[in-house]
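Chemist: Can you keep this structure in mind? I'll have questions shortly.
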Amino acid sequence: MLFKEFPSSKLRIEQTPPSMASGPAAFYFSGSPDGSRPGVYFIRTTNLKGSPKYELMALSLHEGEPGHHFQTMTSMEMKDIHAFRRAQEDMNYAWVPSRFPLYTAYLEGWGLYCEYLGEELGMYKDNYSLFGRYCMEIMRAARLVVDTGMHAFGWSYEKALNFLEEKTFLDRKSLEMECKRYITIPGQACAYKVGEIKIKQLRQKATEALGNQFDVRDFHSVILRCGAGPMSFLEQEVDEYIRQKLIK
């Protein structure tokens, strides 16, 4: 078991509404603080070619449990942080800057980290699902190149699209949506991986500092109870967890 604490809110899986069918292959929408509305993991069914079944396990770990559902509802159900920090919904990007920052490195870094946790949890039961995980990792690597290519090196939309089509396993229709997303939100694709790497580094840091006292379940509670914020703030929380553990 990798977790001590679980959100009270339930998780429901639904088909993506027709009005949002042009969106990603899957996404998570948070539940309500009082539990009257569960968290929902939406899966797009209008473009099944762009949603290969071999990616479903990694995708579900990212969007559902223990990914965004644990992350979002743990924060929302906490009573000892300010209300504006409890809400981590990362929709409505167009509202920026008239809303609080999204802190993509924390939000999506946890999602990628949970895909990795699937290996520790034994969720990838066969090479088929493991291939799906690696396909998603290839996509994350390729879009690091595309993100920086378009916003730092003057790549055109067509060049970025052709690069992704050559290097990844997604269909062109899905990649067209992805490229438009990277154009609209500079740096977001990079932030995913930066966040995952930082969480892994913090876990290694805590493991080395605490030795036999390290409990990955406590570490995950620290990460989840931190709430959305800069990665420098998350590191302070982990450092404090290490300090408190060592003085006991």
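Following the order of the structure tokens, chains are lettered A, B, ..., residues in each are numbered from 1, and ligands are numbered from 1.
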Set out as a Markdown table a contact list for range 130-168 of chain A and range 186-200 of chain A with a cut-off of 8 Å, giving each residue of range 130-168 of chain A that qualifies its closest atom pair and distance in Å to one decimal, counting only C-alpha atoms, ordered by chain and rising residue number.
Modeler:
```
| residue | atom | partner | partner_atom | distance |
| --- | --- | --- | --- | --- |
| A:Arg140 | CA | A:Ala189 | CA | 7.4 |
| A:Arg143 | CA | A:Ala189 | CA | 6.3 |
| A:Leu144 | CA | A:Cys190 | CA | 5.4 |
| A:Asp147 | CA | A:Ala189 | CA | 6.3 |
| A:Thr148 | CA | A:Gly187 | CA | 7.5 |
| A:His151 | CA | A:Pro186 | CA | 6.7 |
```
Chemist: Go ahead and save the picked residues with C-alpha atoms, as a tab-separated table (two decimals), in the first residue's frame.
Modeler:
```
chain	number	residue	atom	x	y	z
A	140	ARG	CA	5.83	13.67	-23.19
A	143	ARG	CA	6.34	17.60	-26.78
A	144	LEU	CA	9.22	18.97	-24.71
A	147	ASP	CA	7.06	23.32	-26.80
A	148	THR	CA	10.56	24.80	-26.79
A	151	HIS	CA	8.31	29.26	-28.37
```
Chemist: Write out as JSON, numbers by chain the residues lying within 9 Å of range 232-242 of chain A, counting only C-alpha atoms and excluding same-chain residues fewer than 3 positions away.
Modeler: {"A": [106, 198, 199, 202, 203, 205, 206, 209, 210, 214, 218, 219, 222, 223, 226, 227, 228, 229, 245, 246, 247]}
Chemist: For Gly64 in chain A, work out the shell of residues within 8 Å, counting only C-alpha atoms and skipping chain neighbours fewer than 6 positions away, then give it as a list in words.
Modeler: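 Skipping anything fewer than 6 positions along the chain leaves Leu11, Tyr28, Tyr41 and Phe70 of chain A.
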Chemist: Residues of the last selection are to be written out with N, CA and C atoms, as a tab-separated table (two decimals), in the first residue's frame.
Modeler:
```tsv
chain	number	residue	atom	x	y	z
A	11	LEU	N	-15.29	8.50	-6.98
A	11	LEU	CA	-14.87	8.79	-8.35
A	11	LEU	C	-15.80	8.08	-9.32
A	28	TYR	N	-10.11	15.06	-15.96
A	28	TYR	CA	-10.76	14.91	-14.66
A	28	TYR	C	-11.45	16.20	-14.29
A	41	TYR	N	-14.11	11.24	-13.96
A	41	TYR	CA	-13.05	10.96	-14.93
A	41	TYR	C	-13.74	10.78	-16.27
A	70	PHE	N	-7.21	11.90	-6.27
A	70	PHE	CA	-6.60	11.96	-4.94
A	70	PHE	C	-6.08	13.37	-4.68
```
